[in-house]
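Data from structure20.tsv: TSV, C-alpha atoms
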```tsv
chain	number	residue	atom	x	y	z
C	185	MET	CA	0.00	0.00	0.00
C	186	PRO	CA	1.70	3.26	-1.07
C	187	ASN	CA	1.81	6.13	1.39
C	188	MET	CA	-1.35	8.23	1.26
C	189	ASP	CA	-2.48	11.49	2.78
C	190	TRP	CA	-4.54	11.32	5.98
C	191	GLU	CA	-7.90	11.74	4.23
C	192	ARG	CA	-7.31	8.96	1.67
C	193	LEU	CA	-5.80	6.66	4.27
C	194	GLU	CA	-8.77	7.07	6.63
C	195	LYS	CA	-11.28	6.63	3.79
C	196	THR	CA	-9.52	3.45	2.61
C	197	CYS	CA	-9.32	2.10	6.15
C	198	LEU	CA	-13.01	2.82	6.88
C	199	SER	CA	-14.08	0.66	3.93
C	200	CYS	CA	-11.58	-2.16	4.57
C	201	GLN	CA	-12.69	-5.77	4.05
C	202	LYS	CA	-9.24	-7.44	4.29
C	203	CYS	CA	-10.12	-9.78	7.17
C	204	ALA	CA	-13.11	-11.36	8.90
C	205	LEU	CA	-13.23	-8.64	11.59
C	206	ALA	CA	-14.93	-6.42	8.98
C	207	ASP	CA	-17.98	-8.70	9.12
C	208	THR	CA	-18.66	-8.14	12.83
C	209	ARG	CA	-17.58	-4.54	13.40
C	210	HIS	CA	-19.86	-1.59	14.08
C	211	ASN	CA	-17.15	0.98	13.34
C	212	VAL	CA	-13.57	1.04	12.13
C	213	VAL	CA	-11.49	2.64	14.88
C	214	PHE	CA	-8.97	4.63	12.87
C	215	GLY	CA	-7.22	6.80	15.45
C	216	VAL	CA	-7.53	10.06	17.33
C	217	GLY	CA	-5.37	13.05	18.20
C	218	PRO	CA	-3.48	15.89	16.58
C	219	ARG	CA	-1.91	14.82	13.30
C	220	ASP	CA	1.30	16.64	14.15
C	221	ALA	CA	1.80	14.90	17.51
C	222	GLU	CA	5.36	13.87	18.32
C	223	ILE	CA	4.14	11.02	20.55
C	224	MET	CA	2.07	8.11	19.25
C	225	LEU	CA	0.41	5.52	21.47
C	226	ILE	CA	-0.45	2.16	19.92
C	227	GLY	CA	-2.81	-0.33	21.55
C	228	GLU	CA	-3.76	-3.78	20.32
C	229	GLY	CA	-7.35	-3.45	19.10
C	230	PRO	CA	-10.71	-1.85	19.87
C	231	GLY	CA	-13.01	-3.22	22.56
C	232	GLU	CA	-16.79	-3.01	22.65
C	233	ASN	CA	-17.00	0.69	23.62
C	234	GLU	CA	-14.44	1.64	20.99
C	235	ASP	CA	-16.25	-0.39	18.31
C	236	LEU	CA	-19.53	1.35	19.13
C	237	LYS	CA	-18.05	4.86	19.27
C	238	GLY	CA	-15.37	4.54	16.56
C	239	GLU	CA	-12.63	5.98	18.80
C	240	PRO	CA	-9.75	4.22	20.57
C	241	PHE	CA	-9.64	3.90	24.36
C	242	VAL	CA	-13.05	5.29	25.37
C	243	GLY	CA	-14.19	2.74	28.00
C	244	ARG	CA	-12.86	2.30	31.55
C	245	ALA	CA	-9.36	1.57	30.24
C	246	GLY	CA	-9.57	4.72	28.10
C	247	LYS	CA	-10.55	6.84	31.10
C	248	LEU	CA	-7.58	5.42	33.00
C	249	LEU	CA	-5.30	6.11	30.01
C	250	ASP	CA	-6.49	9.73	29.89
C	251	ASP	CA	-5.82	10.07	33.64
C	252	MET	CA	-2.36	8.51	33.23
C	253	LEU	CA	-1.48	10.88	30.40
C	254	GLU	CA	-2.75	13.90	32.33
C	255	VAL	CA	-0.23	13.13	35.11
C	256	VAL	CA	2.57	13.92	32.62
C	257	ASP	CA	0.80	16.79	30.79
C	258	LEU	CA	-0.19	14.72	27.77
C	259	SER	CA	-3.61	14.50	26.16
C	260	ARG	CA	-5.30	12.94	23.12
C	261	THR	CA	-6.72	16.35	22.27
C	262	LYS	CA	-3.52	18.42	22.40
C	263	ASN	CA	-0.28	16.44	21.99
C	264	VAL	CA	-0.68	12.65	21.60
C	265	TYR	CA	-2.01	10.55	18.72
C	266	ILE	CA	-3.64	7.21	19.66
C	267	ALA	CA	-4.18	4.25	17.33
C	268	ASN	CA	-4.39	0.45	17.50
C	269	MET	CA	-2.64	-2.48	15.80
C	270	VAL	CA	-5.98	-3.59	14.34
C	271	LYS	CA	-8.76	-1.16	13.50
C	272	CYS	CA	-11.75	-3.50	14.09
C	273	ARG	CA	-12.84	-5.25	17.27
C	274	PRO	CA	-11.81	-8.89	17.69
C	275	PRO	CA	-14.78	-10.96	18.99
C	276	GLN	CA	-15.04	-11.12	22.82
C	277	ASN	CA	-12.04	-8.75	22.97
C	278	ARG	CA	-9.64	-11.63	22.28
C	279	ASP	CA	-6.09	-10.83	21.17
C	280	PRO	CA	-5.93	-9.96	17.47
C	281	LEU	CA	-4.73	-12.92	15.40
C	282	ASN	CA	-1.52	-12.60	13.38
C	283	THR	CA	-3.57	-12.73	10.16
C	284	GLU	CA	-5.68	-9.79	11.40
C	285	GLN	CA	-2.58	-7.85	12.40
C	286	ASP	CA	-1.04	-8.57	8.99
C	287	ALA	CA	-4.20	-7.34	7.23
C	288	CYS	CA	-4.10	-4.08	9.20
C	289	ILE	CA	-0.37	-3.36	9.57
C	290	ASP	CA	-0.11	-1.20	6.43
C	291	TYR	CA	-2.72	1.21	7.81
C	292	LEU	CA	-0.64	1.59	10.96
C	293	ARG	CA	2.60	1.95	8.95
C	294	ASN	CA	0.96	4.70	6.90
C	295	GLN	CA	-0.23	6.47	10.07
C	296	VAL	CA	3.32	6.34	11.44
C	297	ALA	CA	4.74	7.59	8.12
C	298	LEU	CA	2.31	10.52	8.05
C	299	LEU	CA	2.71	11.39	11.73
C	300	ARG	CA	6.48	10.85	11.87
C	301	PRO	CA	6.46	10.57	15.68
C	302	LYS	CA	9.63	10.94	17.69
C	303	ILE	CA	8.26	8.55	20.34
C	304	ILE	CA	6.03	5.49	20.01
C	305	VAL	CA	4.52	3.99	23.15
C	306	CYS	CA	3.12	0.48	22.85
C	307	LEU	CA	0.19	-0.10	25.18
C	308	GLY	CA	0.47	-3.72	26.23
C	309	ARG	CA	2.29	-6.85	25.15
C	310	ILE	CA	0.61	-7.43	21.76
C	311	SER	CA	1.77	-4.18	20.17
C	312	ALA	CA	5.19	-4.37	21.87
C	313	VAL	CA	5.80	-7.87	20.46
C	314	ARG	CA	4.80	-6.73	16.97
C	315	LEU	CA	6.52	-3.33	16.96
C	316	ILE	CA	9.49	-3.46	19.35
C	317	LYS	CA	10.70	-7.09	19.24
C	318	PRO	CA	9.15	-10.56	18.89
C	319	ASP	CA	10.30	-11.79	22.31
C	320	PHE	CA	9.25	-8.67	24.22
C	321	LYS	CA	8.41	-9.42	27.88
C	322	ILE	CA	6.03	-6.75	29.17
C	323	THR	CA	6.55	-7.63	32.86
C	324	LYS	CA	10.35	-7.25	32.54
C	325	GLU	CA	10.80	-4.66	29.79
C	326	HIS	CA	8.01	-2.11	30.33
C	327	GLY	CA	9.39	1.41	30.64
C	328	GLN	CA	12.67	0.56	28.85
C	329	TRP	CA	13.68	2.55	25.77
C	330	PHE	CA	14.37	0.90	22.42
C	331	GLU	CA	15.34	2.69	19.23
C	332	LYS	CA	14.04	1.60	15.83
C	333	SER	CA	14.59	3.56	12.63
C	334	GLY	CA	15.37	6.70	14.61
C	335	VAL	CA	12.19	6.46	16.72
C	336	GLN	CA	12.33	6.04	20.49
C	337	MET	CA	9.99	3.26	21.60
C	338	MET	CA	8.79	1.97	24.94
C	339	ALA	CA	5.94	-0.16	26.22
C	340	LEU	CA	3.58	0.46	29.12
C	341	PHE	CA	1.22	-2.01	30.73
C	342	HIS	CA	-2.11	-1.86	28.93
C	343	PRO	CA	-4.57	0.26	30.95
C	344	ALA	CA	-6.95	-2.75	31.11
C	345	ALA	CA	-4.16	-4.78	32.74
C	346	ILE	CA	-3.69	-2.02	35.33
C	347	LEU	CA	-7.44	-2.08	36.05
C	348	ARG	CA	-7.18	-5.86	36.61
C	349	ASP	CA	-4.05	-5.49	38.77
C	350	PRO	CA	-3.82	-2.06	40.46
C	351	ARG	CA	-0.45	-3.06	41.99
C	352	ARG	CA	1.00	-2.13	38.56
C	353	ARG	CA	0.16	1.56	39.12
C	354	PRO	CA	3.39	2.64	40.89
C	355	GLU	CA	5.68	1.14	38.22
C	356	THR	CA	3.46	2.56	35.48
C	357	PHE	CA	3.77	5.99	37.09
C	358	GLU	CA	7.57	5.60	36.95
C	359	ASP	CA	7.32	4.60	33.27
C	360	LEU	CA	5.20	7.68	32.56
C	361	LYS	CA	7.82	9.89	34.22
C	362	ARG	CA	10.46	8.31	31.93
C	363	LEU	CA	8.20	9.06	28.96
C	364	GLN	CA	7.85	12.68	30.09
C	365	GLU	CA	11.63	12.99	30.53
C	366	LYS	CA	12.31	11.62	27.03
C	367	ALA	CA	9.62	13.84	25.50
C	368	ARG	CA	11.14	16.94	27.14
C	369	GLU	CA	14.53	15.87	25.80
C	370	ILE	CA	13.67	15.11	22.13
C	371	CYS	CA	10.28	16.61	21.29
C	372	GLU	CA	10.12	20.16	19.97
C	373	HIS	CA	6.48	21.16	20.47
C	374	THR	CA	4.94	18.59	22.85
C	375	TYR	CA	5.37	20.76	25.96
```
For the file at hand, write its structure as C-alpha cells.
Amino acid sequence: MPNMDWERLEKTCLSCQKCALADTRHNVVFGVGPRDAEIMLIGEGPGENEDLKGEPFVGRAGKLLDDMLEVVDLSRTKNVYIANMVKCRPPQNRDPLNTEQDACIDYLRNQVALLRPKIIVCLGRISAVRLIKPDFKITKEHGQWFEKSGVQMMALFHPAAILRDPRRRPETFEDLKRLQEKAREICEHTY
C-alpha cells in the first residue's frame, strides 16, 4: 500500500474488508489526536465501547489512560495521537490474530509515516511484540527505551491490565515519568 495522505488513508481504512473482523464490526477505529503529535500511542485493538463509538480507548481503560497521560501533561486532544494495531474489534475482545494484524499493519505503517512521531509507546504486550521485538516481555521490559529507525519506543502495561491489577500503578507511574523525561529531551512542540 503506497503512502497516502490522511484523508485517503482514513477513507480506505473505513471501507476495509481485508479480514473477517470487517464482518462483525460496528465501526472502524482509525485513530484520534493531533496529526502533528510527536508522541504516538499504539494499543492492540478496539473493545466493545471503541467499536460502538469509533474511537480508541473510550471505555474504563480509556478513562484510566487519559488520567495517566494527564499526570505527565499529555492529552489525546492536544499532543498525543492514539491508534491500535488492528482497527476493528476482535470478537469477545480476544487478542488480534496474526492474520488480522497482517491485514491491518499497512494502515498503521501509513499512520506512522504521516505522523512521523519521535516517540512510540506500545500499550500492552501485543503491540510491543509486533513493533518493538518478537520476544518482548512486558513484565520485565516495560518502561525501557528501544530505538528503531530513529524512533524512540517503549511499552507500558495496557490500561486494562492495570485495572485488573492495580499493583502495577506505581511502576506505570515511573514509566510515565520516563516518557515525560524523554519527550522533554527530544520533542520540539509537545510541551
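Using only C-alpha atoms, the protein and nucleic acid residues lying no more than 12 Å from Leu299 in chain C, apart from those fewer than 5 places from it along its own chain, are C:Asn187, C:Met188, C:Asp189, C:Trp190, C:Gly215, C:Val216, C:Gly217, C:Pro218, C:Arg219, C:Asp220, C:Ala221, C:Glu222, C:Ile223, C:Met224, C:Leu225, C:Asn263, C:Val264, C:Tyr265, C:Ile266, C:Ala267, C:Leu292, C:Arg293, C:Asn294, C:Ile304, C:Val335.
If you measure from each of C:Lys361, C:Lys271, C:Arg300, C:Arg314 to Arg209 in chain C using all atoms listed in the file, the closest one turns out to be C:Lys271.
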Please determine the residues with any atom at most 6 Å from (-19.5, 2.2, 14.5) (coordinates as given in the file, with all atoms listed in the file counting) and report them as a PyMOL selection string.
-> chain C and resi 210-211+235-238
Min atom-atom distance to Ala339 in chain C from the set C:Glu369, C:Glu234, C:Glu194, C:Glu325, counting only C-alpha atoms, belongs to C:Glu325
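In this structure, CA of Val255 in chain C sits 17.9 Å away from CA of Val242 in chain C.
Taking only C-alpha atoms into account, Met252 in chain C lies nearest to C:Ile346 out of the set C:Glu372, C:Ile346, C:Cys306, C:Lys366.
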